[in-house]
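Next comes start_17.cif, a file with mmCIF, C-alpha atoms.
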```cif
data_structure
loop_
_atom_site.label_atom_id
_atom_site.label_comp_id
_atom_site.auth_asym_id
_atom_site.auth_seq_id
_atom_site.Cartn_x
_atom_site.Cartn_y
_atom_site.Cartn_z
CA MET A 1 -119.73 43.60 102.69
CA ALA A 2 -119.74 40.11 104.19
CA GLU A 3 -116.79 38.98 106.31
CA ASN A 4 -115.30 36.67 103.70
CA ALA A 5 -115.58 39.37 101.07
CA GLN A 6 -113.32 41.65 103.06
CA ALA A 7 -110.34 39.30 102.92
CA SER A 8 -109.89 39.25 99.14
CA SER A 9 -111.65 40.70 96.12
CA VAL A 10 -111.73 37.24 94.48
CA GLN A 11 -112.41 33.99 96.31
CA THR A 12 -113.34 30.43 95.34
CA LEU A 13 -116.67 29.46 96.89
CA THR A 14 -119.53 27.02 96.45
CA MET A 15 -122.80 28.55 95.31
CA THR A 16 -124.23 27.78 98.75
CA LYS A 17 -121.54 29.84 100.46
CA ALA A 18 -121.80 32.59 97.85
CA LEU A 19 -125.52 32.88 98.57
CA THR A 20 -124.84 32.99 102.31
CA GLU A 21 -122.39 35.82 101.79
CA GLY A 22 -124.76 37.64 99.44
CA LEU A 23 -127.61 37.43 101.94
CA ALA A 24 -125.34 38.64 104.72
CA ALA A 25 -124.18 41.59 102.62
CA ALA A 26 -127.78 42.59 101.88
CA MET A 27 -128.72 42.30 105.55
CA GLU A 28 -125.77 44.44 106.59
CA ALA A 29 -126.65 47.08 104.00
CA ASP A 30 -130.32 47.37 104.98
CA GLU A 31 -131.79 46.55 108.38
CA LYS A 32 -135.21 46.12 106.77
CA VAL A 33 -134.03 42.93 105.02
CA LEU A 34 -135.17 39.84 106.89
CA LEU A 35 -135.22 36.12 106.10
CA MET A 36 -138.13 33.74 106.64
CA GLY A 37 -138.64 30.06 105.99
CA GLU A 38 -138.83 26.55 107.37
CA ASP A 39 -135.78 25.47 109.38
CA ILE A 40 -133.65 28.39 108.20
CA GLY A 41 -132.61 29.45 111.73
CA PRO A 42 -130.31 27.22 113.83
CA LEU A 43 -130.35 24.49 111.15
CA GLY A 44 -129.42 26.94 108.39
CA GLY A 45 -131.93 25.52 105.90
CA VAL A 46 -131.99 22.14 104.18
CA PHE A 47 -129.06 23.16 101.97
CA ARG A 48 -127.39 25.30 104.70
CA VAL A 49 -127.68 28.52 102.67
CA THR A 50 -128.69 30.48 105.79
CA GLU A 51 -126.21 28.73 108.08
CA GLY A 52 -124.93 31.07 110.80
CA LEU A 53 -127.15 33.99 109.80
CA GLN A 54 -129.58 33.75 112.70
CA LYS A 55 -126.71 33.73 115.18
CA ARG A 56 -125.20 36.70 113.40
CA PHE A 57 -128.31 38.84 112.86
CA GLY A 58 -130.71 37.53 115.48
CA ALA A 59 -133.97 35.60 115.51
CA HIS A 60 -135.92 38.80 114.80
CA ARG A 61 -134.34 38.97 111.31
CA VAL A 62 -133.92 35.26 110.51
CA LEU A 63 -137.31 33.76 111.27
CA ASP A 64 -138.16 30.06 111.46
CA THR A 65 -141.72 29.72 110.18
CA PRO A 66 -144.38 27.00 110.38
CA LEU A 67 -144.56 24.54 107.49
CA ALA A 68 -147.05 26.65 105.56
CA GLU A 69 -145.86 28.17 102.29
CA SER A 70 -149.08 30.13 101.83
CA GLY A 71 -148.57 31.63 105.27
CA ILE A 72 -144.93 32.44 104.55
CA VAL A 73 -145.74 34.34 101.36
CA GLY A 74 -148.82 35.98 102.85
CA ALA A 75 -146.85 37.18 105.88
CA ALA A 76 -144.11 38.47 103.57
CA ILE A 77 -146.67 40.51 101.64
CA GLY A 78 -147.84 42.13 104.86
CA LEU A 79 -144.27 42.85 105.95
CA ALA A 80 -143.45 44.41 102.58
CA MET A 81 -146.49 46.66 102.93
CA ARG A 82 -144.96 47.88 106.21
CA GLY A 83 -141.62 48.73 104.61
CA TYR A 84 -139.63 45.52 105.08
CA ARG A 85 -137.77 43.53 102.42
CA PRO A 86 -138.57 39.88 103.18
CA VAL A 87 -136.58 37.04 101.64
CA CYS A 88 -138.60 33.80 101.75
CA GLU A 89 -137.06 30.35 101.39
CA ILE A 90 -139.08 27.54 99.83
CA GLN A 91 -137.38 24.30 100.90
CA PHE A 92 -137.84 22.49 97.57
CA ASP A 93 -139.28 23.43 94.19
CA GLY A 94 -142.33 21.16 94.52
CA PHE A 95 -143.26 22.73 97.86
CA ILE A 96 -144.00 26.12 96.28
CA PHE A 97 -147.50 25.19 95.13
CA PRO A 98 -149.28 25.67 98.50
CA GLY A 99 -148.13 29.29 98.12
CA PHE A 100 -149.06 29.53 94.44
CA ASP A 101 -152.29 31.45 95.02
CA GLN A 102 -150.61 34.05 97.23
CA ILE A 103 -147.82 34.49 94.66
CA THR A 104 -149.90 34.69 91.49
CA SER A 105 -153.17 36.18 92.78
CA GLN A 106 -151.79 38.67 95.31
CA LEU A 107 -148.03 39.26 95.15
CA ALA A 108 -147.92 39.57 91.36
CA LYS A 109 -150.93 41.89 91.12
CA LEU A 110 -150.94 44.21 94.13
CA THR A 111 -148.65 46.85 92.62
CA ALA A 112 -150.83 47.13 89.50
CA ARG A 113 -153.95 47.04 91.67
CA HIS A 114 -152.63 50.12 93.48
CA GLU A 115 -151.63 51.80 90.20
CA GLY A 116 -147.95 51.69 91.15
CA SER A 117 -148.28 53.41 94.52
CA LEU A 118 -147.52 50.18 96.44
CA GLN A 119 -144.25 48.31 95.96
CA LEU A 120 -143.60 44.78 97.18
CA PRO A 121 -139.82 44.15 97.36
CA ILE A 122 -140.07 40.45 98.18
CA VAL A 123 -137.63 37.73 97.11
CA ILE A 124 -138.73 34.09 97.07
CA ARG A 125 -135.78 31.70 96.95
CA VAL A 126 -136.60 28.42 95.21
CA PRO A 127 -134.09 25.53 95.08
CA TYR A 128 -135.04 23.77 91.84
CA GLY A 129 -134.00 21.18 89.30
CA GLY A 130 -132.71 17.64 89.30
CA HIS A 131 -129.48 15.64 89.44
CA ILE A 132 -129.58 15.18 93.24
CA GLY A 133 -131.20 11.73 93.34
CA ALA A 134 -134.37 12.84 95.14
CA VAL A 135 -138.02 11.88 94.86
CA GLU A 136 -140.86 13.84 93.22
CA HIS A 137 -141.62 17.29 94.64
CA HIS A 138 -137.90 17.58 95.43
CA GLN A 139 -136.33 18.11 92.01
CA GLU A 140 -138.73 19.73 89.63
CA SER A 141 -138.56 22.84 87.42
CA PRO A 142 -141.74 24.91 87.82
CA GLU A 143 -140.31 28.21 86.58
CA ALA A 144 -142.63 28.52 83.55
CA TYR A 145 -145.70 28.82 85.80
CA PHE A 146 -144.32 32.02 87.28
CA ALA A 147 -142.65 33.44 84.16
CA HIS A 148 -146.14 33.34 82.62
CA THR A 149 -147.48 35.63 85.39
CA PRO A 150 -147.16 39.38 84.77
CA GLY A 151 -145.91 41.28 87.79
CA LEU A 152 -143.22 38.80 88.80
CA ARG A 153 -139.53 38.87 87.97
CA LEU A 154 -137.61 35.56 87.69
CA VAL A 155 -133.88 34.98 87.71
CA SER A 156 -131.58 31.97 88.03
CA PRO A 157 -127.80 32.07 88.60
CA ALA A 158 -125.54 29.45 87.04
CA THR A 159 -122.34 30.27 88.97
CA PRO A 160 -121.31 31.21 92.51
CA HIS A 161 -120.28 34.67 91.25
CA ASP A 162 -123.73 35.35 89.84
CA ALA A 163 -125.39 33.88 92.94
CA TYR A 164 -123.53 36.32 95.21
CA TRP A 165 -124.38 39.40 93.18
CA MET A 166 -127.82 38.47 91.85
CA ILE A 167 -129.30 37.71 95.28
CA GLN A 168 -128.30 41.20 96.44
CA GLU A 169 -129.70 42.81 93.29
CA ALA A 170 -132.93 40.83 93.66
CA ILE A 171 -133.32 41.99 97.26
CA ALA A 172 -132.71 45.60 96.19
CA SER A 173 -135.36 45.37 93.45
CA PRO A 174 -138.63 47.22 94.15
CA ASP A 175 -140.55 44.35 92.50
CA PRO A 176 -141.19 40.78 93.64
CA VAL A 177 -138.45 38.43 92.42
CA LEU A 178 -138.51 34.64 92.29
CA PHE A 179 -134.92 33.53 92.70
CA PHE A 180 -134.50 30.02 91.29
CA GLU A 181 -131.38 28.31 92.65
CA PRO A 182 -130.16 25.21 90.73
CA LYS A 183 -129.69 22.57 93.44
CA SER A 184 -127.16 20.51 91.50
CA ARG A 185 -124.87 23.57 91.34
CA TYR A 186 -124.93 24.26 95.08
CA TRP A 187 -121.66 22.43 95.76
CA PRO A 188 -119.27 22.88 92.78
CA LYS A 189 -116.90 25.76 93.46
CA GLY A 190 -116.21 28.82 91.34
CA GLU A 191 -114.57 32.21 91.57
CA VAL A 192 -116.51 35.08 93.08
CA ASP A 193 -115.30 38.61 92.40
CA PHE A 194 -116.54 40.72 95.30
CA SER A 195 -115.54 43.95 93.54
CA ASP A 196 -117.41 43.56 90.23
CA ALA A 197 -120.89 42.18 89.54
CA GLY A 198 -120.09 41.81 85.85
CA ALA A 199 -123.67 42.13 84.54
CA PRO A 200 -126.99 43.59 85.70
CA LEU A 201 -129.64 41.34 87.26
CA HIS A 202 -131.73 40.87 84.11
CA ALA A 203 -128.94 40.66 81.51
CA SER A 204 -128.24 37.50 79.53
CA ARG A 205 -124.59 36.85 78.73
CA VAL A 206 -122.39 35.01 76.25
CA VAL A 207 -120.20 32.73 78.38
CA ARG A 208 -118.39 30.96 75.54
CA VAL A 209 -117.77 32.39 72.08
CA GLY A 210 -118.38 30.23 69.02
CA THR A 211 -119.13 30.50 65.31
CA ASP A 212 -121.12 27.45 64.13
CA ILE A 213 -124.18 27.31 66.40
CA THR A 214 -125.65 28.99 69.50
CA VAL A 215 -126.91 27.07 72.53
CA VAL A 216 -128.80 28.77 75.35
CA GLY A 217 -130.01 27.75 78.79
CA HIS A 218 -130.32 28.81 82.40
CA GLY A 219 -129.30 27.55 85.81
CA ALA A 220 -127.73 24.11 86.04
CA ILE A 221 -127.99 23.41 82.31
CA VAL A 222 -125.40 26.11 81.55
CA SER A 223 -122.51 23.99 82.88
CA MET A 224 -123.76 21.10 80.74
CA LEU A 225 -123.82 23.34 77.67
CA LEU A 226 -120.23 24.36 78.37
CA ASP A 227 -119.23 20.69 78.69
CA ALA A 228 -120.96 19.94 75.38
CA ALA A 229 -119.17 22.85 73.71
CA ALA A 230 -115.80 21.61 74.94
CA LEU A 231 -116.45 18.12 73.53
CA ALA A 232 -117.73 19.50 70.22
CA GLU A 233 -114.60 21.60 69.84
CA GLU A 234 -112.53 18.40 69.80
CA GLU A 235 -114.46 17.40 66.68
CA GLY A 236 -114.13 20.78 65.02
CA THR A 237 -117.52 22.30 65.91
CA SER A 238 -117.53 25.78 67.45
CA ILE A 239 -120.46 26.30 69.85
CA GLU A 240 -121.42 29.67 71.35
CA VAL A 241 -123.02 29.38 74.81
CA VAL A 242 -125.46 31.96 76.17
CA ASP A 243 -126.45 31.99 79.86
CA LEU A 244 -129.99 33.37 80.06
CA ARG A 245 -129.71 34.38 83.78
CA SER A 246 -133.10 36.14 83.74
CA LEU A 247 -136.31 34.30 82.82
CA SER A 248 -138.66 37.26 83.21
CA PRO A 249 -137.86 39.62 81.68
CA ILE A 250 -135.67 37.84 79.12
CA ASP A 251 -132.80 39.86 77.69
CA TYR A 252 -132.95 38.81 74.04
CA ALA A 253 -130.37 41.21 72.61
CA PRO A 254 -127.20 39.09 73.19
CA LEU A 255 -129.06 35.93 72.14
CA LEU A 256 -130.42 37.43 68.92
CA ASP A 257 -127.03 38.91 68.09
CA SER A 258 -125.47 35.48 68.56
CA VAL A 259 -128.08 33.69 66.44
CA ARG A 260 -127.71 36.24 63.64
CA ARG A 261 -124.00 35.37 63.54
CA THR A 262 -124.23 31.58 63.85
CA GLY A 263 -127.54 30.96 62.06
CA ARG A 264 -128.56 28.10 64.35
CA LEU A 265 -129.97 27.73 67.88
CA VAL A 266 -130.53 24.94 70.40
CA VAL A 267 -132.46 25.77 73.59
CA ALA A 268 -131.89 23.49 76.59
CA GLN A 269 -133.70 23.19 79.93
CA GLU A 270 -134.49 20.61 82.62
CA ALA A 271 -138.21 21.50 82.65
CA PRO A 272 -140.72 19.75 80.37
CA GLY A 273 -140.67 21.18 76.86
CA SER A 274 -144.31 22.06 76.19
CA VAL A 275 -145.43 25.62 77.04
CA SER A 276 -142.05 26.40 78.59
CA ILE A 277 -139.27 28.98 78.73
CA GLY A 278 -137.66 27.11 75.83
CA SER A 279 -140.86 27.31 73.80
CA GLU A 280 -141.02 31.07 74.31
CA ILE A 281 -137.39 31.54 73.28
CA ALA A 282 -137.85 29.39 70.17
CA ALA A 283 -140.91 31.40 69.11
CA THR A 284 -139.33 34.80 69.76
CA VAL A 285 -136.06 34.00 68.00
CA THR A 286 -137.98 32.63 65.02
CA GLU A 287 -140.04 35.83 64.85
CA GLN A 288 -137.14 38.25 65.25
CA ALA A 289 -134.28 36.46 63.48
CA PHE A 290 -136.11 34.35 60.91
CA TYR A 291 -134.01 35.40 57.92
CA SER A 292 -130.78 34.63 59.80
CA LEU A 293 -131.76 31.06 60.66
CA GLU A 294 -130.32 28.23 58.59
CA ALA A 295 -132.18 25.54 60.57
CA PRO A 296 -135.23 25.33 62.83
CA VAL A 297 -134.72 26.28 66.48
CA LEU A 298 -134.42 22.96 68.34
CA ARG A 299 -135.29 22.25 71.97
CA VAL A 300 -133.74 19.82 74.45
CA SER A 301 -135.75 19.38 77.64
CA GLY A 302 -137.21 17.11 80.25
CA TYR A 303 -140.11 15.01 79.02
CA ASP A 304 -143.77 15.96 79.32
CA THR A 305 -144.36 13.52 82.17
CA PRO A 306 -144.30 13.80 85.95
CA PHE A 307 -140.77 13.66 87.33
CA PRO A 308 -139.81 9.97 87.60
CA PRO A 309 -138.37 8.02 90.54
CA ALA A 310 -134.80 9.03 91.38
CA LYS A 311 -133.25 5.98 89.70
CA LEU A 312 -134.73 7.09 86.37
CA GLU A 313 -133.75 10.76 86.52
CA GLY A 314 -130.81 10.11 84.17
CA ALA A 315 -133.25 8.99 81.47
CA TYR A 316 -135.52 11.98 82.04
CA LEU A 317 -133.13 14.91 82.37
CA PRO A 318 -131.16 16.34 79.43
CA ASP A 319 -127.50 15.38 79.24
CA VAL A 320 -124.50 16.24 77.10
CA ASP A 321 -125.32 13.51 74.58
CA ARG A 322 -128.86 14.82 74.00
CA ILE A 323 -127.52 18.36 73.61
CA LEU A 324 -124.87 17.29 71.10
CA HIS A 325 -127.45 15.23 69.19
CA ALA A 326 -129.57 18.38 68.79
CA VAL A 327 -126.48 20.30 67.69
CA ASP A 328 -125.75 17.66 65.03
CA ARG A 329 -129.36 17.79 63.82
CA ALA A 330 -129.23 21.57 63.49
CA LEU A 331 -125.91 21.48 61.65
CA ALA A 332 -127.25 18.84 59.26
CA TYR A 333 -129.82 21.21 57.72
#
```

Let's see the structure in the file written out as structure tokens.
Amino acid sequence: MAENAQASSVQTLTMTKALTEGLAAAMEADEKVLLMGEDIGPLGGVFRVTEGLQKRFGAHRVLDTPLAESGIVGAAIGLAMRGYRPVCEIQFDGFIFPGFDQITSQLAKLTARHEGSLQLPIVIRVPYGGHIGAVEHHQESPEAYFAHTPGLRLVSPATPHDAYWMIQEAIASPDPVLFFEPKSRYWPKGEVDFSDAGAPLHASRVVRVGTDITVVGHGAIVSMLLDAAALAEEEGTSIEVVDLRSLSPIDYAPLLDSVRRTGRLVVAQEAPGSVSIGSEIAATVTEQAFYSLEAPVLRVSGYDTPFPPAKLEGAYLPDVDRILHAVDRALAY
């Protein structure tokens, strides 16, 4: 257990600090866990998630790498073959594509290629999403590319508590896991219960109970859905909020149960809407809960354009108003 976790079973931390503590706990539990990435050593990474870990665990377990994402992932695959559990950091979401071939052509397929006899317990941490005022390649949402690829697991925490526990569960997984970290949620604080994970790695969860309509999302959008639900309540509309948490596999049971009770669903995401996580959820819910729906499943997303200059991100990214507009449309059927 990390040092801060020993002081109290519940603490208030930023997601950044919760991830630091989760990584430290995993490294203490298993000496085969090692971290690799650009500037993650003395600097502690661009977002300081690995701050202090090289000093604590040594340069042989917290490795500064060249600026070569393909090399980082390729080296991690070799290390995993030798019994290690590498945790790779990709500095920004848009920087993952030089490593795309290694991830989708090799990492995702090697276990099946070896008929299950070879396991690759690799975690790839990906800071993703907008609302930080950055340029292109620095605040994108490429998760659908990887959710489409069999052999990969994808998860995304929305809170510091989930970040602390999910990073440890991802590292313990025998399969490769892409761990998408919502950048805009790095700094807001939340309670972390060091004694209780609360839910398994790939479980979705109802985070606000409601009766009129269900809204679902993952990562940073979850806090926006909760804000929208609070505003709607003032006008007499009861919104149930589901945090997806896992993007591959998706745990549909809580979501379908919710939709069967409310009869309506809005899916929200920062990524473009076409051929996306939201598209898949809309199709699956329509197939499996068709006779419970009182309105079409509606999607709120980024637009199907390249991410705009930082000054225009507010026009591109979903906000509370766009979410509530979709809620009103669904309720009007």

Between atom CA of A:Ile213 and atom CA of A:Pro188 - distance in Å to one decimal:
27.2 Å

Kindly resolve the PyMOL selection byres ((chain A and resi 108-115) around 10) on the present coordinates and return the residues as an MDAnalysis selection string.
chainID A and resid 77 101:107 116:120 146 149:153 175:177

Can I get the selected residues back with C-alpha atoms, as a PDB file, in the frame of the given file?
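The resulting result_18.pdb:
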```pdb
ATOM      1  CA  ILE A  77    -146.670  40.510 101.640  1.00  0.00           C
ATOM      2  CA  ASP A 101    -152.290  31.450  95.020  1.00  0.00           C
ATOM      3  CA  GLN A 102    -150.610  34.050  97.230  1.00  0.00           C
ATOM      4  CA  ILE A 103    -147.820  34.490  94.660  1.00  0.00           C
ATOM      5  CA  THR A 104    -149.900  34.690  91.490  1.00  0.00           C
ATOM      6  CA  SER A 105    -153.170  36.180  92.780  1.00  0.00           C
ATOM      7  CA  GLN A 106    -151.790  38.670  95.310  1.00  0.00           C
ATOM      8  CA  LEU A 107    -148.030  39.260  95.150  1.00  0.00           C
ATOM      9  CA  GLY A 116    -147.950  51.690  91.150  1.00  0.00           C
ATOM     10  CA  SER A 117    -148.280  53.410  94.520  1.00  0.00           C
ATOM     11  CA  LEU A 118    -147.520  50.180  96.440  1.00  0.00           C
ATOM     12  CA  GLN A 119    -144.250  48.310  95.960  1.00  0.00           C
ATOM     13  CA  LEU A 120    -143.600  44.780  97.180  1.00  0.00           C
ATOM     14  CA  PHE A 146    -144.320  32.020  87.280  1.00  0.00           C
ATOM     15  CA  THR A 149    -147.480  35.630  85.390  1.00  0.00           C
ATOM     16  CA  PRO A 150    -147.160  39.380  84.770  1.00  0.00           C
ATOM     17  CA  GLY A 151    -145.910  41.280  87.790  1.00  0.00           C
ATOM     18  CA  LEU A 152    -143.220  38.800  88.800  1.00  0.00           C
ATOM     19  CA  ARG A 153    -139.530  38.870  87.970  1.00  0.00           C
ATOM     20  CA  ASP A 175    -140.550  44.350  92.500  1.00  0.00           C
ATOM     21  CA  PRO A 176    -141.190  40.780  93.640  1.00  0.00           C
ATOM     22  CA  VAL A 177    -138.450  38.430  92.420  1.00  0.00           C
TER      23      VAL A 177
END
```

Extract, using only C-alpha atoms, all DNA, RNA and protein residues at most 10 Å from stretch 284-288 of chain A, discarding same-chain residues fewer than 6 positions from it, and format them as a PyMOL selection string.
chain A and resi 252+255-256+259-260+265+278+296-297

Applied to this file, what does the PyMOL selection byres ((chain A and resi 323) around 8) return in terms of residues, put as a PyMOL selection string?
chain A and resi 225+228+266+268+300+318-322+324-327

Counting all atoms listed in the file, the option among A:Ala144, A:Ile221, A:Leu226, A:Val206 closest to A:Val242:
A:Val206

Contacts of A:Ser8 at 10 Å or less, counting only C-alpha atoms, minus same-chain residues fewer than 6 places along, as a VMD selection string?
chain A and resid 192 to 195

For those residues, write C-alpha atoms to a file as a short mmCIF file (atom, residue, chain, number, x, y, z; two decimals), in the frame of the given file.
```
data_model
loop_
_atom_site.label_atom_id
_atom_site.label_comp_id
_atom_site.auth_asym_id
_atom_site.auth_seq_id
_atom_site.Cartn_x
_atom_site.Cartn_y
_atom_site.Cartn_z
CA VAL A 192 -116.51 35.08 93.08
CA ASP A 193 -115.30 38.61 92.40
CA PHE A 194 -116.54 40.72 95.30
CA SER A 195 -115.54 43.95 93.54
#
```

All heavy atoms are what I want for stretch 270-280 of chain A; can you complete it accordingly and write them as a PDB file, in the frame of the given file?
```
ATOM      1  N   GLU A 270    -134.099  21.828  81.906  1.00  0.00           N
ATOM      2  CA  GLU A 270    -134.490  20.610  82.620  1.00  0.00           C
ATOM      3  C   GLU A 270    -136.001  20.443  82.656  1.00  0.00           C
ATOM      4  O   GLU A 270    -136.509  19.335  82.789  1.00  0.00           O
ATOM      5  CB  GLU A 270    -133.934  20.621  84.045  1.00  0.00           C
ATOM      6  CG  GLU A 270    -132.426  20.480  84.116  1.00  0.00           C
ATOM      7  CD  GLU A 270    -131.918  20.287  85.542  1.00  0.00           C
ATOM      8  OE1 GLU A 270    -132.756  20.005  86.439  1.00  0.00           O
ATOM      9  OE2 GLU A 270    -130.707  20.413  85.760  1.00  0.00           O
ATOM     10  N   ALA A 271    -136.746  21.539  82.566  1.00  0.00           N
ATOM     11  CA  ALA A 271    -138.210  21.500  82.650  1.00  0.00           C
ATOM     12  C   ALA A 271    -138.800  20.789  81.442  1.00  0.00           C
ATOM     13  O   ALA A 271    -138.162  20.686  80.385  1.00  0.00           O
ATOM     14  CB  ALA A 271    -138.755  22.921  82.744  1.00  0.00           C
ATOM     15  N   PRO A 272    -140.045  20.301  81.548  1.00  0.00           N
ATOM     16  CA  PRO A 272    -140.720  19.750  80.370  1.00  0.00           C
ATOM     17  C   PRO A 272    -140.774  20.773  79.245  1.00  0.00           C
ATOM     18  O   PRO A 272    -140.802  21.991  79.473  1.00  0.00           O
ATOM     19  CB  PRO A 272    -142.133  19.438  80.903  1.00  0.00           C
ATOM     20  CG  PRO A 272    -141.940  19.209  82.367  1.00  0.00           C
ATOM     21  CD  PRO A 272    -140.852  20.161  82.771  1.00  0.00           C
ATOM     22  N   GLY A 273    -140.829  20.296  78.006  1.00  0.00           N
ATOM     23  CA  GLY A 273    -140.670  21.180  76.860  1.00  0.00           C
ATOM     24  C   GLY A 273    -141.900  21.950  76.446  1.00  0.00           C
ATOM     25  O   GLY A 273    -141.795  23.056  75.925  1.00  0.00           O
ATOM     26  N   SER A 274    -143.097  21.399  76.665  1.00  0.00           N
ATOM     27  CA  SER A 274    -144.310  22.060  76.190  1.00  0.00           C
ATOM     28  C   SER A 274    -144.650  23.277  77.037  1.00  0.00           C
ATOM     29  O   SER A 274    -144.612  23.219  78.264  1.00  0.00           O
ATOM     30  CB  SER A 274    -145.494  21.075  76.218  1.00  0.00           C
ATOM     31  OG  SER A 274    -145.273  20.012  75.328  1.00  0.00           O
ATOM     32  N   VAL A 275    -144.998  24.382  76.373  1.00  0.00           N
ATOM     33  CA  VAL A 275    -145.430  25.620  77.040  1.00  0.00           C
ATOM     34  C   VAL A 275    -144.402  26.020  78.095  1.00  0.00           C
ATOM     35  O   VAL A 275    -144.708  26.187  79.269  1.00  0.00           O
ATOM     36  CB  VAL A 275    -146.828  25.463  77.665  1.00  0.00           C
ATOM     37  CG1 VAL A 275    -147.420  26.842  77.967  1.00  0.00           C
ATOM     38  CG2 VAL A 275    -147.760  24.682  76.761  1.00  0.00           C
ATOM     39  N   SER A 276    -143.171  26.220  77.667  1.00  0.00           N
ATOM     40  CA  SER A 276    -142.050  26.400  78.590  1.00  0.00           C
ATOM     41  C   SER A 276    -141.231  27.633  78.233  1.00  0.00           C
ATOM     42  O   SER A 276    -141.497  28.315  77.243  1.00  0.00           O
ATOM     43  CB  SER A 276    -141.148  25.165  78.530  1.00  0.00           C
ATOM     44  OG  SER A 276    -140.545  25.057  77.239  1.00  0.00           O
ATOM     45  N   ILE A 277    -140.216  27.912  79.040  1.00  0.00           N
ATOM     46  CA  ILE A 277    -139.270  28.980  78.730  1.00  0.00           C
ATOM     47  C   ILE A 277    -138.628  28.710  77.364  1.00  0.00           C
ATOM     48  O   ILE A 277    -138.495  29.611  76.525  1.00  0.00           O
ATOM     49  CB  ILE A 277    -138.168  29.059  79.807  1.00  0.00           C
ATOM     50  CG1 ILE A 277    -138.770  29.291  81.201  1.00  0.00           C
ATOM     51  CG2 ILE A 277    -137.170  30.156  79.456  1.00  0.00           C
ATOM     52  CD1 ILE A 277    -139.437  30.623  81.388  1.00  0.00           C
ATOM     53  N   GLY A 278    -138.266  27.464  77.109  1.00  0.00           N
ATOM     54  CA  GLY A 278    -137.660  27.110  75.830  1.00  0.00           C
ATOM     55  C   GLY A 278    -138.590  27.348  74.663  1.00  0.00           C
ATOM     56  O   GLY A 278    -138.165  27.791  73.590  1.00  0.00           O
ATOM     57  N   SER A 279    -139.876  27.053  74.859  1.00  0.00           N
ATOM     58  CA  SER A 279    -140.860  27.310  73.800  1.00  0.00           C
ATOM     59  C   SER A 279    -140.928  28.788  73.470  1.00  0.00           C
ATOM     60  O   SER A 279    -140.988  29.180  72.295  1.00  0.00           O
ATOM     61  CB  SER A 279    -142.248  26.828  74.251  1.00  0.00           C
ATOM     62  OG  SER A 279    -142.246  25.466  74.582  1.00  0.00           O
ATOM     63  N   GLU A 280    -140.942  29.629  74.504  1.00  0.00           N
ATOM     64  CA  GLU A 280    -141.020  31.070  74.310  1.00  0.00           C
ATOM     65  C   GLU A 280    -139.790  31.594  73.572  1.00  0.00           C
ATOM     66  O   GLU A 280    -139.897  32.430  72.663  1.00  0.00           O
ATOM     67  CB  GLU A 280    -141.165  31.775  75.659  1.00  0.00           C
ATOM     68  CG  GLU A 280    -141.288  33.284  75.581  1.00  0.00           C
ATOM     69  CD  GLU A 280    -142.551  33.730  74.869  1.00  0.00           C
ATOM     70  OE1 GLU A 280    -143.527  32.949  74.813  1.00  0.00           O
ATOM     71  OE2 GLU A 280    -142.560  34.864  74.344  1.00  0.00           O
TER      72      GLU A 280
END
```
